[in-house]
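Asker: Have a peek at target_10.txt (compact mmCIF, N, CA, C and O atoms).
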```
# COMPACT_ATOMS: atom_id res chain seq x y z
N MET S 26 148.49 54.26 64.64
CA MET S 26 147.74 55.04 65.62
C MET S 26 147.58 56.46 65.11
O MET S 26 148.51 57.03 64.58
N THR S 27 146.42 57.01 65.33
CA THR S 27 146.18 58.39 64.95
C THR S 27 146.68 59.31 66.06
O THR S 27 146.91 58.88 67.19
N GLN S 28 146.80 60.60 65.72
CA GLN S 28 147.20 61.57 66.74
C GLN S 28 146.19 61.57 67.88
O GLN S 28 146.57 61.63 69.06
N LYS S 29 144.91 61.47 67.55
CA LYS S 29 143.87 61.46 68.58
C LYS S 29 144.08 60.30 69.55
O LYS S 29 143.98 60.47 70.77
N GLU S 30 144.39 59.12 69.02
CA GLU S 30 144.61 57.95 69.87
C GLU S 30 145.85 58.12 70.75
O GLU S 30 145.85 57.74 71.92
N VAL S 31 146.90 58.70 70.17
CA VAL S 31 148.13 58.94 70.93
C VAL S 31 147.85 59.91 72.09
O VAL S 31 148.24 59.69 73.23
N LEU S 32 147.13 60.98 71.77
CA LEU S 32 146.81 61.97 72.81
C LEU S 32 145.91 61.37 73.89
O LEU S 32 146.11 61.63 75.08
N GLU S 33 144.94 60.55 73.48
CA GLU S 33 144.08 59.90 74.46
C GLU S 33 144.90 59.01 75.39
O GLU S 33 144.67 58.98 76.60
N LYS S 34 145.86 58.31 74.83
CA LYS S 34 146.71 57.43 75.64
C LYS S 34 147.59 58.25 76.59
O LYS S 34 147.76 57.89 77.76
N LEU S 35 148.13 59.37 76.11
CA LEU S 35 148.95 60.23 76.96
C LEU S 35 148.12 60.78 78.13
O LEU S 35 148.58 60.80 79.28
N VAL S 36 146.89 61.20 77.85
CA VAL S 36 146.01 61.72 78.91
C VAL S 36 145.68 60.59 79.89
O VAL S 36 145.70 60.79 81.11
N GLU S 37 145.40 59.41 79.36
CA GLU S 37 145.09 58.25 80.21
C GLU S 37 146.25 57.96 81.15
O GLU S 37 146.05 57.75 82.36
N ILE S 38 147.46 57.96 80.63
CA ILE S 38 148.65 57.70 81.45
C ILE S 38 148.83 58.81 82.49
O ILE S 38 149.12 58.54 83.66
N ARG S 39 148.62 60.06 82.06
CA ARG S 39 148.76 61.18 83.00
C ARG S 39 147.79 61.02 84.17
O ARG S 39 148.16 61.19 85.33
N LYS S 40 146.56 60.64 83.85
CA LYS S 40 145.55 60.48 84.90
C LYS S 40 145.84 59.26 85.77
O LYS S 40 145.65 59.31 86.99
N GLU S 41 146.32 58.16 85.16
CA GLU S 41 146.69 56.97 85.94
C GLU S 41 147.76 57.31 86.96
O GLU S 41 147.75 56.81 88.08
N LYS S 42 148.70 58.16 86.54
CA LYS S 42 149.81 58.54 87.42
C LYS S 42 149.45 59.70 88.35
O LYS S 42 150.29 60.16 89.12
N ARG S 43 148.21 60.16 88.22
CA ARG S 43 147.70 61.26 89.04
C ARG S 43 148.58 62.50 88.95
O ARG S 43 148.93 63.13 89.95
N ILE S 44 148.92 62.82 87.71
CA ILE S 44 149.71 64.02 87.44
C ILE S 44 148.75 65.05 86.85
O ILE S 44 148.08 64.78 85.85
N SER S 45 148.68 66.21 87.45
CA SER S 45 147.78 67.25 86.95
C SER S 45 148.34 67.85 85.66
O SER S 45 149.54 67.74 85.38
N GLN S 46 147.46 68.50 84.92
CA GLN S 46 147.92 69.20 83.72
C GLN S 46 148.95 70.26 84.10
O GLN S 46 149.96 70.42 83.42
N ARG S 47 148.68 70.94 85.18
CA ARG S 47 149.58 72.01 85.62
C ARG S 47 150.98 71.47 85.93
O ARG S 47 151.99 72.04 85.55
N LYS S 48 151.02 70.30 86.63
CA LYS S 48 152.31 69.72 87.00
C LYS S 48 153.06 69.23 85.76
O LYS S 48 154.27 69.47 85.62
N LEU S 49 152.36 68.56 84.84
CA LEU S 49 153.02 68.11 83.62
C LEU S 49 153.48 69.29 82.78
O LEU S 49 154.58 69.30 82.25
N ALA S 50 152.64 70.31 82.69
CA ALA S 50 153.01 71.51 81.93
C ALA S 50 154.29 72.13 82.50
O ALA S 50 155.18 72.53 81.74
N ALA S 51 154.40 72.18 83.82
CA ALA S 51 155.60 72.74 84.45
C ALA S 51 156.82 71.90 84.08
O ALA S 51 157.90 72.45 83.79
N ARG S 52 156.67 70.57 84.06
CA ARG S 52 157.78 69.70 83.67
C ARG S 52 158.20 69.95 82.23
O ARG S 52 159.37 69.78 81.88
N LEU S 53 157.23 70.30 81.39
CA LEU S 53 157.51 70.52 79.97
C LEU S 53 157.93 71.95 79.66
O LEU S 53 158.35 72.25 78.55
N GLY S 54 157.78 72.84 80.64
CA GLY S 54 158.13 74.24 80.43
C GLY S 54 157.12 74.98 79.57
O GLY S 54 157.48 75.91 78.84
N ILE S 55 155.84 74.57 79.66
CA ILE S 55 154.77 75.24 78.92
C ILE S 55 153.64 75.57 79.89
O ILE S 55 153.65 75.10 81.03
N SER S 56 152.69 76.35 79.45
CA SER S 56 151.56 76.70 80.32
C SER S 56 150.56 75.55 80.37
O SER S 56 150.48 74.73 79.44
N GLY S 57 149.78 75.53 81.44
CA GLY S 57 148.72 74.54 81.56
C GLY S 57 147.69 74.69 80.45
O GLY S 57 147.14 73.71 79.95
N THR S 58 147.45 75.93 80.06
CA THR S 58 146.50 76.19 78.97
C THR S 58 146.99 75.58 77.67
O THR S 58 146.22 74.96 76.93
N TYR S 59 148.28 75.74 77.39
CA TYR S 59 148.82 75.18 76.15
C TYR S 59 148.81 73.65 76.19
O TYR S 59 148.50 73.00 75.18
N LEU S 60 149.09 73.06 77.34
CA LEU S 60 149.01 71.60 77.46
C LEU S 60 147.59 71.13 77.18
O LEU S 60 147.37 70.13 76.50
N SER S 61 146.61 71.87 77.67
CA SER S 61 145.21 71.54 77.42
C SER S 61 144.92 71.58 75.92
O SER S 61 144.23 70.71 75.38
N VAL S 62 145.44 72.57 75.24
CA VAL S 62 145.27 72.70 73.79
C VAL S 62 145.89 71.49 73.08
O VAL S 62 145.28 70.90 72.18
N ILE S 63 147.06 71.07 73.53
CA ILE S 63 147.73 69.90 72.96
C ILE S 63 146.89 68.65 73.19
O ILE S 63 146.61 67.90 72.26
N GLU S 64 146.48 68.44 74.44
CA GLU S 64 145.73 67.23 74.79
C GLU S 64 144.40 67.14 74.05
O GLU S 64 143.91 66.04 73.79
N ARG S 65 143.82 68.27 73.72
CA ARG S 65 142.55 68.26 72.98
C ARG S 65 142.76 68.15 71.48
O ARG S 65 141.81 68.11 70.72
N GLY S 66 144.03 68.10 71.04
CA GLY S 66 144.32 67.93 69.63
C GLY S 66 144.12 69.17 68.79
O GLY S 66 143.94 69.09 67.58
N ARG S 67 144.18 70.32 69.42
CA ARG S 67 143.98 71.59 68.70
C ARG S 67 145.22 72.02 67.92
O ARG S 67 145.15 72.92 67.11
N VAL S 68 146.35 71.39 68.24
CA VAL S 68 147.60 71.62 67.50
C VAL S 68 148.19 70.26 67.13
O VAL S 68 147.88 69.26 67.75
N VAL S 69 149.02 70.25 66.11
CA VAL S 69 149.66 69.01 65.70
C VAL S 69 150.74 68.66 66.72
O VAL S 69 151.57 69.51 67.08
N LEU S 70 150.71 67.43 67.18
CA LEU S 70 151.70 66.96 68.16
C LEU S 70 152.99 66.63 67.42
O LEU S 70 153.03 65.69 66.63
N SER S 71 154.03 67.39 67.68
CA SER S 71 155.32 67.11 67.04
C SER S 71 155.98 65.92 67.72
O SER S 71 155.65 65.58 68.87
N LEU S 72 156.91 65.30 67.02
CA LEU S 72 157.66 64.19 67.63
C LEU S 72 158.43 64.66 68.86
O LEU S 72 158.47 63.97 69.87
N GLN S 73 159.01 65.84 68.75
CA GLN S 73 159.77 66.38 69.88
C GLN S 73 158.87 66.53 71.11
O GLN S 73 159.23 66.12 72.21
N ARG S 74 157.67 67.09 70.91
CA ARG S 74 156.75 67.28 72.04
C ARG S 74 156.26 65.93 72.57
O ARG S 74 156.10 65.74 73.76
N PHE S 75 156.02 64.97 71.65
CA PHE S 75 155.60 63.63 72.07
C PHE S 75 156.65 63.03 73.00
O PHE S 75 156.32 62.53 74.08
N PHE S 76 157.93 63.08 72.60
CA PHE S 76 159.00 62.52 73.43
C PHE S 76 159.12 63.28 74.75
O PHE S 76 159.36 62.67 75.79
N GLN S 77 158.94 64.59 74.72
CA GLN S 77 158.98 65.38 75.95
C GLN S 77 157.86 64.96 76.90
O GLN S 77 158.07 64.84 78.11
N MET S 78 156.67 64.76 76.33
CA MET S 78 155.54 64.36 77.17
C MET S 78 155.77 62.98 77.77
O MET S 78 155.48 62.76 78.95
N CYS S 79 156.31 62.07 76.97
CA CYS S 79 156.63 60.73 77.51
C CYS S 79 157.62 60.84 78.66
O CYS S 79 157.43 60.22 79.71
N GLU S 80 158.65 61.65 78.46
CA GLU S 80 159.65 61.83 79.51
C GLU S 80 159.02 62.47 80.75
O GLU S 80 159.26 62.04 81.88
N GLY S 81 158.19 63.48 80.54
CA GLY S 81 157.52 64.15 81.65
C GLY S 81 156.59 63.23 82.42
O GLY S 81 156.38 63.40 83.62
N LEU S 82 156.04 62.23 81.72
CA LEU S 82 155.16 61.25 82.36
C LEU S 82 155.92 60.05 82.91
O LEU S 82 155.35 59.20 83.60
N GLY S 83 157.21 59.97 82.56
CA GLY S 83 158.02 58.85 83.03
C GLY S 83 157.68 57.53 82.36
O GLY S 83 157.74 56.49 83.00
N VAL S 84 157.31 57.59 81.07
CA VAL S 84 156.99 56.37 80.33
C VAL S 84 157.82 56.30 79.05
O VAL S 84 158.23 57.32 78.50
N LYS S 85 158.06 55.08 78.62
CA LYS S 85 158.76 54.87 77.35
C LYS S 85 157.76 55.12 76.21
O LYS S 85 156.58 54.75 76.32
N PRO S 86 158.22 55.73 75.12
CA PRO S 86 157.32 56.00 74.00
C PRO S 86 156.58 54.76 73.49
O PRO S 86 155.42 54.85 73.12
N HIS S 87 157.23 53.59 73.50
CA HIS S 87 156.56 52.41 72.97
C HIS S 87 155.33 52.03 73.80
O HIS S 87 154.38 51.47 73.28
N ARG S 88 155.33 52.38 75.08
CA ARG S 88 154.14 52.08 75.91
C ARG S 88 152.94 52.88 75.42
O ARG S 88 151.80 52.38 75.41
N VAL S 89 153.18 54.10 74.99
CA VAL S 89 152.09 54.95 74.49
C VAL S 89 151.59 54.42 73.15
O VAL S 89 150.40 54.44 72.87
N LEU S 90 152.51 53.92 72.34
CA LEU S 90 152.17 53.51 70.98
C LEU S 90 151.67 52.07 70.87
O LEU S 90 151.28 51.65 69.79
N GLU S 91 151.70 51.32 71.97
CA GLU S 91 151.22 49.94 71.93
C GLU S 91 149.75 49.89 71.53
O GLU S 91 148.94 50.67 72.01
N SER S 92 149.45 48.96 70.68
CA SER S 92 148.07 48.78 70.23
C SER S 92 147.23 48.14 71.32
O SER S 92 147.68 47.25 72.03
N LYS S 93 145.99 48.56 71.40
CA LYS S 93 145.05 47.95 72.34
C LYS S 93 144.73 46.52 71.91
O LYS S 93 144.33 45.70 72.71
N ASN S 94 144.90 46.25 70.63
CA ASN S 94 144.56 44.94 70.07
C ASN S 94 145.74 43.98 70.08
O ASN S 94 145.67 42.92 69.48
N ARG S 95 146.80 44.35 70.75
CA ARG S 95 148.00 43.52 70.77
C ARG S 95 147.71 42.20 71.47
O ARG S 95 147.05 42.16 72.50
N ASN S 96 148.22 41.12 70.88
CA ASN S 96 148.00 39.78 71.43
C ASN S 96 149.35 39.07 71.50
O ASN S 96 149.76 38.43 70.53
N PRO S 97 150.05 39.17 72.64
CA PRO S 97 151.39 38.59 72.75
C PRO S 97 151.44 37.09 72.44
O PRO S 97 152.41 36.61 71.86
N GLU S 98 150.40 36.36 72.81
CA GLU S 98 150.40 34.91 72.55
C GLU S 98 150.40 34.64 71.05
O GLU S 98 151.14 33.79 70.56
N ARG S 99 149.56 35.37 70.32
CA ARG S 99 149.49 35.21 68.86
C ARG S 99 150.79 35.64 68.20
O ARG S 99 151.24 35.03 67.25
N GLU S 100 151.40 36.71 68.74
CA GLU S 100 152.66 37.18 68.19
C GLU S 100 153.74 36.11 68.35
O GLU S 100 154.54 35.89 67.44
N GLU S 101 153.75 35.43 69.49
CA GLU S 101 154.74 34.38 69.73
C GLU S 101 154.53 33.21 68.77
O GLU S 101 155.48 32.68 68.21
N VAL S 102 153.27 32.83 68.56
CA VAL S 102 152.96 31.75 67.62
C VAL S 102 153.45 32.13 66.22
O VAL S 102 154.10 31.33 65.53
N LEU S 103 153.17 33.35 65.83
CA LEU S 103 153.59 33.81 64.50
C LEU S 103 155.12 33.83 64.38
O LEU S 103 155.68 33.40 63.36
N MET S 104 155.79 34.29 65.42
CA MET S 104 157.26 34.30 65.40
C MET S 104 157.81 32.88 65.25
O MET S 104 158.74 32.64 64.49
N ASN S 105 157.23 31.93 66.00
CA ASN S 105 157.69 30.55 65.92
C ASN S 105 157.44 29.96 64.54
O ASN S 105 158.27 29.20 64.02
N LEU S 106 156.30 30.29 63.94
CA LEU S 106 155.97 29.76 62.61
C LEU S 106 156.90 30.30 61.52
O LEU S 106 157.16 29.62 60.54
N THR S 107 157.38 31.51 61.71
CA THR S 107 158.19 32.13 60.66
C THR S 107 159.69 31.86 60.80
O THR S 107 160.45 32.15 59.89
N GLN S 108 160.10 31.31 61.94
CA GLN S 108 161.53 31.02 62.10
C GLN S 108 161.97 30.00 61.07
O GLN S 108 161.29 29.00 60.83
N GLY S 109 163.08 30.27 60.46
CA GLY S 109 163.63 29.33 59.49
C GLY S 109 163.12 29.54 58.07
O GLY S 109 163.58 28.87 57.15
N LEU S 110 162.18 30.47 57.87
CA LEU S 110 161.73 30.74 56.51
C LEU S 110 162.82 31.48 55.75
O LEU S 110 163.55 32.29 56.31
N SER S 111 162.89 31.21 54.47
CA SER S 111 163.87 31.91 53.62
C SER S 111 163.44 33.36 53.45
O SER S 111 162.26 33.69 53.65
N PRO S 112 164.36 34.24 53.06
CA PRO S 112 163.98 35.63 52.80
C PRO S 112 162.86 35.74 51.76
O PRO S 112 161.95 36.57 51.92
N GLY S 113 162.90 34.90 50.76
CA GLY S 113 161.85 34.92 49.75
C GLY S 113 160.49 34.55 50.32
O GLY S 113 159.47 35.16 50.00
N ASP S 114 160.48 33.53 51.19
CA ASP S 114 159.23 33.12 51.83
C ASP S 114 158.71 34.21 52.76
O ASP S 114 157.50 34.45 52.85
N MET S 115 159.62 34.89 53.45
CA MET S 115 159.20 35.99 54.33
C MET S 115 158.57 37.12 53.51
O MET S 115 157.56 37.68 53.91
N GLU S 116 159.17 37.44 52.37
CA GLU S 116 158.61 38.47 51.49
C GLU S 116 157.22 38.08 51.03
O GLU S 116 156.30 38.90 51.00
N LEU S 117 157.05 36.82 50.67
CA LEU S 117 155.75 36.31 50.24
C LEU S 117 154.73 36.44 51.37
O LEU S 117 153.60 36.88 51.17
N LEU S 118 155.13 36.06 52.58
CA LEU S 118 154.24 36.14 53.73
C LEU S 118 153.84 37.59 54.02
O LEU S 118 152.66 37.88 54.29
N VAL S 119 154.78 38.50 53.94
CA VAL S 119 154.49 39.92 54.15
C VAL S 119 153.51 40.41 53.09
O VAL S 119 152.55 41.13 53.38
N GLY S 120 153.74 40.00 51.85
CA GLY S 120 152.83 40.39 50.76
C GLY S 120 151.42 39.89 51.00
O GLY S 120 150.44 40.62 50.77
N ILE S 121 151.28 38.66 51.46
CA ILE S 121 149.96 38.09 51.75
C ILE S 121 149.29 38.88 52.87
O ILE S 121 148.10 39.23 52.77
N ALA S 122 150.04 39.19 53.91
CA ALA S 122 149.48 39.96 55.03
C ALA S 122 149.01 41.34 54.57
O ALA S 122 147.95 41.82 54.98
N GLN S 123 149.80 41.96 53.70
CA GLN S 123 149.42 43.29 53.20
C GLN S 123 148.15 43.20 52.36
O GLN S 123 147.26 44.06 52.46
N LEU S 124 148.04 42.17 51.53
CA LEU S 124 146.82 41.98 50.73
C LEU S 124 145.61 41.77 51.63
O LEU S 124 144.53 42.33 51.37
N MET S 125 145.77 40.98 52.67
CA MET S 125 144.66 40.75 53.61
C MET S 125 144.23 42.05 54.27
O MET S 125 143.03 42.34 54.38
N ARG S 126 145.20 42.85 54.70
CA ARG S 126 144.89 44.13 55.33
C ARG S 126 144.19 45.06 54.35
O ARG S 126 143.18 45.69 54.66
N ASP S 127 144.69 45.11 53.11
CA ASP S 127 144.09 45.98 52.10
C ASP S 127 142.66 45.57 51.79
O ASP S 127 141.78 46.41 51.63
N GLN S 128 142.41 44.27 51.70
CA GLN S 128 141.05 43.78 51.43
C GLN S 128 140.12 44.14 52.58
O GLN S 128 138.97 44.51 52.34
N ARG S 129 140.60 44.04 53.79
CA ARG S 129 139.78 44.37 54.95
C ARG S 129 139.42 45.86 54.94
O ARG S 129 138.32 46.26 55.27
N ASN S 130 140.37 46.70 54.50
CA ASN S 130 140.15 48.14 54.48
C ASN S 130 139.20 48.56 53.37
O ASN S 130 138.58 49.61 53.44
N ILE S 131 139.09 47.75 52.31
CA ILE S 131 138.20 48.06 51.19
C ILE S 131 136.75 47.86 51.59
O ILE S 131 135.87 48.60 51.21
N ARG S 132 136.49 46.83 52.37
CA ARG S 132 135.11 46.49 52.75
C ARG S 132 134.48 47.51 53.60
O ARG S 132 134.65 48.29 54.24
```
How would this structure read if it were set down as structure tokens?
Answerer:
Amino acid sequence: MTQKEVLEKLVEIRKEKRISQRKLAARLGISGTYLSVIERGRVVLSLQRFFQMCEGLGVKPHRVLESKNRNPEREEVLMNLTQGLSPGDMELLVGIAQLMRDQRNIR
């Protein structure tokens, strides 16, 4: 996920929870103006600030970082298929997946 995507997700969660910028800023101990600067990506979001924002919004960091393309059913199928594979086979499978991803990124 890019910083832009993370910030978009944080703003989306803030709005879902109907928390104003001013209220979240107060929870974080910063000004509303500075929170606006953060949310617009005008400064680099530090890990510390990311965790503070998650806490201020009352969400676990993994919820913010979850991919929109996540497919739990497919993940379960993949987990079942890989159970019992040897470490060598797992390494081979990871290598194949990386090659597939790299080829997709080249196109």
Asker: Do you know which residues are at most 10 Å from region 36-53 of chain S counting only C-alpha atoms, after dropping those on the same chain fewer than 6 positions away, and could you put them as an mmCIF file with N, CA, C and O atoms, in the coordinates of the input?
Answerer:
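out-v6.cif was written with the following content:
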```
data_model
loop_
_atom_site.group_PDB
_atom_site.id
_atom_site.type_symbol
_atom_site.label_atom_id
_atom_site.label_comp_id
_atom_site.auth_asym_id
_atom_site.auth_seq_id
_atom_site.Cartn_x
_atom_site.Cartn_y
_atom_site.Cartn_z
ATOM 1 N N GLU S 30 144.390 59.120 69.020
ATOM 2 C CA GLU S 30 144.610 57.950 69.870
ATOM 3 C C GLU S 30 145.850 58.120 70.750
ATOM 4 O O GLU S 30 145.850 57.740 71.920
ATOM 5 N N TYR S 59 148.280 75.740 77.390
ATOM 6 C CA TYR S 59 148.820 75.180 76.150
ATOM 7 C C TYR S 59 148.810 73.650 76.190
ATOM 8 O O TYR S 59 148.500 73.000 75.180
ATOM 9 N N LEU S 60 149.090 73.060 77.340
ATOM 10 C CA LEU S 60 149.010 71.600 77.460
ATOM 11 C C LEU S 60 147.590 71.130 77.180
ATOM 12 O O LEU S 60 147.370 70.130 76.500
ATOM 13 N N SER S 61 146.610 71.870 77.670
ATOM 14 C CA SER S 61 145.210 71.540 77.420
ATOM 15 C C SER S 61 144.920 71.580 75.920
ATOM 16 O O SER S 61 144.230 70.710 75.380
ATOM 17 N N GLU S 64 146.480 68.440 74.440
ATOM 18 C CA GLU S 64 145.730 67.230 74.790
ATOM 19 C C GLU S 64 144.400 67.140 74.050
ATOM 20 O O GLU S 64 143.910 66.040 73.790
ATOM 21 N N ARG S 65 143.820 68.270 73.720
ATOM 22 C CA ARG S 65 142.550 68.260 72.980
ATOM 23 C C ARG S 65 142.760 68.150 71.480
ATOM 24 O O ARG S 65 141.810 68.110 70.720
ATOM 25 N N ARG S 74 157.670 67.090 70.910
ATOM 26 C CA ARG S 74 156.750 67.280 72.040
ATOM 27 C C ARG S 74 156.260 65.930 72.570
ATOM 28 O O ARG S 74 156.100 65.740 73.760
ATOM 29 N N GLN S 77 158.940 64.590 74.720
ATOM 30 C CA GLN S 77 158.980 65.380 75.950
ATOM 31 C C GLN S 77 157.860 64.960 76.900
ATOM 32 O O GLN S 77 158.070 64.840 78.110
ATOM 33 N N MET S 78 156.670 64.760 76.330
ATOM 34 C CA MET S 78 155.540 64.360 77.170
ATOM 35 C C MET S 78 155.770 62.980 77.770
ATOM 36 O O MET S 78 155.480 62.760 78.950
ATOM 37 N N CYS S 79 156.310 62.070 76.970
ATOM 38 C CA CYS S 79 156.630 60.730 77.510
ATOM 39 C C CYS S 79 157.620 60.840 78.660
ATOM 40 O O CYS S 79 157.430 60.220 79.710
ATOM 41 N N GLU S 80 158.650 61.650 78.460
ATOM 42 C CA GLU S 80 159.650 61.830 79.510
ATOM 43 C C GLU S 80 159.020 62.470 80.750
ATOM 44 O O GLU S 80 159.260 62.040 81.880
ATOM 45 N N GLY S 81 158.190 63.480 80.540
ATOM 46 C CA GLY S 81 157.520 64.150 81.650
ATOM 47 C C GLY S 81 156.590 63.230 82.420
ATOM 48 O O GLY S 81 156.380 63.400 83.620
ATOM 49 N N LEU S 82 156.040 62.230 81.720
ATOM 50 C CA LEU S 82 155.160 61.250 82.360
ATOM 51 C C LEU S 82 155.920 60.050 82.910
ATOM 52 O O LEU S 82 155.350 59.200 83.600
ATOM 53 N N GLY S 83 157.210 59.970 82.560
ATOM 54 C CA GLY S 83 158.020 58.850 83.030
ATOM 55 C C GLY S 83 157.680 57.530 82.360
ATOM 56 O O GLY S 83 157.740 56.490 83.000
ATOM 57 N N VAL S 84 157.310 57.590 81.070
ATOM 58 C CA VAL S 84 156.990 56.370 80.330
ATOM 59 C C VAL S 84 157.820 56.300 79.050
ATOM 60 O O VAL S 84 158.230 57.320 78.500
ATOM 61 N N ARG S 88 155.330 52.380 75.080
ATOM 62 C CA ARG S 88 154.140 52.080 75.910
ATOM 63 C C ARG S 88 152.940 52.880 75.420
ATOM 64 O O ARG S 88 151.800 52.380 75.410
ATOM 65 N N VAL S 89 153.180 54.100 74.990
ATOM 66 C CA VAL S 89 152.090 54.950 74.490
ATOM 67 C C VAL S 89 151.590 54.420 73.150
ATOM 68 O O VAL S 89 150.400 54.440 72.870
#
```
Asker: Could you work out how far atom N of Gln28 (chain S) lies from atom O of Leu118 (chain S), giving the answer in Å with one decimal?
Answerer: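 Going from atom O of Leu118 (chain S) over to atom N of Gln28 (chain S), I get 26.1 Å.
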Asker: If we count only N, CA, C and O atoms and set the cut-off at 8 Å, which residues sit around Ile63 (chain S), ignoring sequence neighbours fewer than 4 positions away in its own chain? Please answer as a ChimeraX atom specification.
Answerer: /S:28-29,32-33,56-59,67-70
Asker: Measure the distance from atom N of Val102 (chain S) to atom N of Met26 (chain S) in Å and round it to one decimal.
Answerer: 22.3 Å
Asker: Would you place a box with edges along x, y and z of the file around all atoms of region 71-78 of chain S listed there, add 4 Å to each of its six sides, and report the centre and edge lengths in Å to one decimal, as AutoDock Vina command-line options?
Answerer:
```
--center_x 156.9 --center_y 65.0 --center_z 73.0 --size_x 13.7 --size_y 12.9 --size_z 19.9
```
Asker: Take atom O of Ile121 (chain S) and CA of His87 (chain S) and report the distance between them in Å, one decimal.
Answerer: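 Rounded to one decimal, the two atoms are 25.6 Å apart.
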Asker: What residues in chain S get the DSSP label alpha helix (DSSP H)? Please answer as number ranges by chain.
Answerer: S: 28-41, 46-53, 57-64, 72-82, 86-90, 97-107, 112-131
Asker: For region 36-97 of chain S, write C-alpha atoms out as a CSV table (one decimal), in the first residue's frame.
Answerer:
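Resulting contents of selection_23.csv:
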```csv
chain,number,residue,atom,x,y,z
S,36,VAL,CA,-9.8,9.4,6.2
S,37,GLU,CA,-12.5,6.9,5.1
S,38,ILE,CA,-12.5,5.3,8.6
S,39,ARG,CA,-12.6,8.7,10.3
S,40,LYS,CA,-15.6,9.7,8.2
S,41,GLU,CA,-17.4,6.3,8.8
S,42,LYS,CA,-17.0,6.9,12.5
S,43,ARG,CA,-18.2,10.5,12.1
S,44,ILE,CA,-15.1,11.8,13.8
S,45,SER,CA,-14.3,15.4,12.8
S,46,GLN,CA,-10.7,16.4,12.0
S,47,ARG,CA,-10.8,18.7,15.0
S,48,LYS,CA,-11.8,15.9,17.3
S,49,LEU,CA,-9.2,13.5,16.0
S,50,ALA,CA,-6.6,16.2,16.1
S,51,ALA,CA,-7.4,16.8,19.8
S,52,ARG,CA,-7.0,13.1,20.5
S,53,LEU,CA,-3.6,13.2,18.8
S,54,GLY,CA,-2.5,16.4,20.5
S,55,ILE,CA,-2.0,18.3,17.2
S,56,SER,CA,-3.9,21.1,15.5
S,57,GLY,CA,-6.7,20.5,13.1
S,58,THR,CA,-4.7,22.3,10.4
S,59,TYR,CA,-1.7,19.9,10.9
S,60,LEU,CA,-4.1,16.9,10.7
S,61,SER,CA,-5.4,18.3,7.4
S,62,VAL,CA,-1.8,18.5,6.1
S,63,ILE,CA,-1.2,14.9,7.2
S,64,GLU,CA,-4.4,13.6,5.6
S,65,ARG,CA,-3.6,15.4,2.3
S,66,GLY,CA,-0.2,13.7,2.2
S,67,ARG,CA,1.8,17.0,2.5
S,68,VAL,CA,4.1,15.4,5.0
S,69,VAL,CA,5.5,11.9,5.3
S,70,LEU,CA,3.3,9.8,7.6
S,71,SER,CA,5.6,8.3,10.2
S,72,LEU,CA,4.9,4.9,11.8
S,73,GLN,CA,4.5,6.5,15.1
S,74,ARG,CA,1.9,8.9,13.8
S,75,PHE,CA,0.2,6.1,11.9
S,76,PHE,CA,-0.2,4.0,15.1
S,77,GLN,CA,-1.4,7.2,16.9
S,78,MET,CA,-4.0,7.8,14.3
S,79,CYS,CA,-5.2,4.2,14.4
S,80,GLU,CA,-5.5,4.4,18.2
S,81,GLY,CA,-7.3,7.8,17.9
S,82,LEU,CA,-9.8,6.2,15.5
S,83,GLY,CA,-10.2,3.1,17.6
S,84,VAL,CA,-9.1,0.7,14.9
S,85,LYS,CA,-6.4,-1.9,14.7
S,86,PRO,CA,-3.6,-1.1,12.2
S,87,HIS,CA,-4.2,-4.2,10.2
S,88,ARG,CA,-7.7,-3.0,9.3
S,89,VAL,CA,-6.2,0.1,7.7
S,90,LEU,CA,-3.6,-2.0,5.8
S,91,GLU,CA,-6.0,-4.6,4.5
S,92,SER,CA,-6.1,-4.8,0.7
S,93,LYS,CA,-9.3,-4.0,-1.1
S,94,ASN,CA,-8.5,-7.0,-3.3
S,95,ARG,CA,-8.4,-9.4,-0.4
S,96,ASN,CA,-10.3,-12.6,-1.1
S,97,PRO,CA,-10.6,-14.7,2.1
```
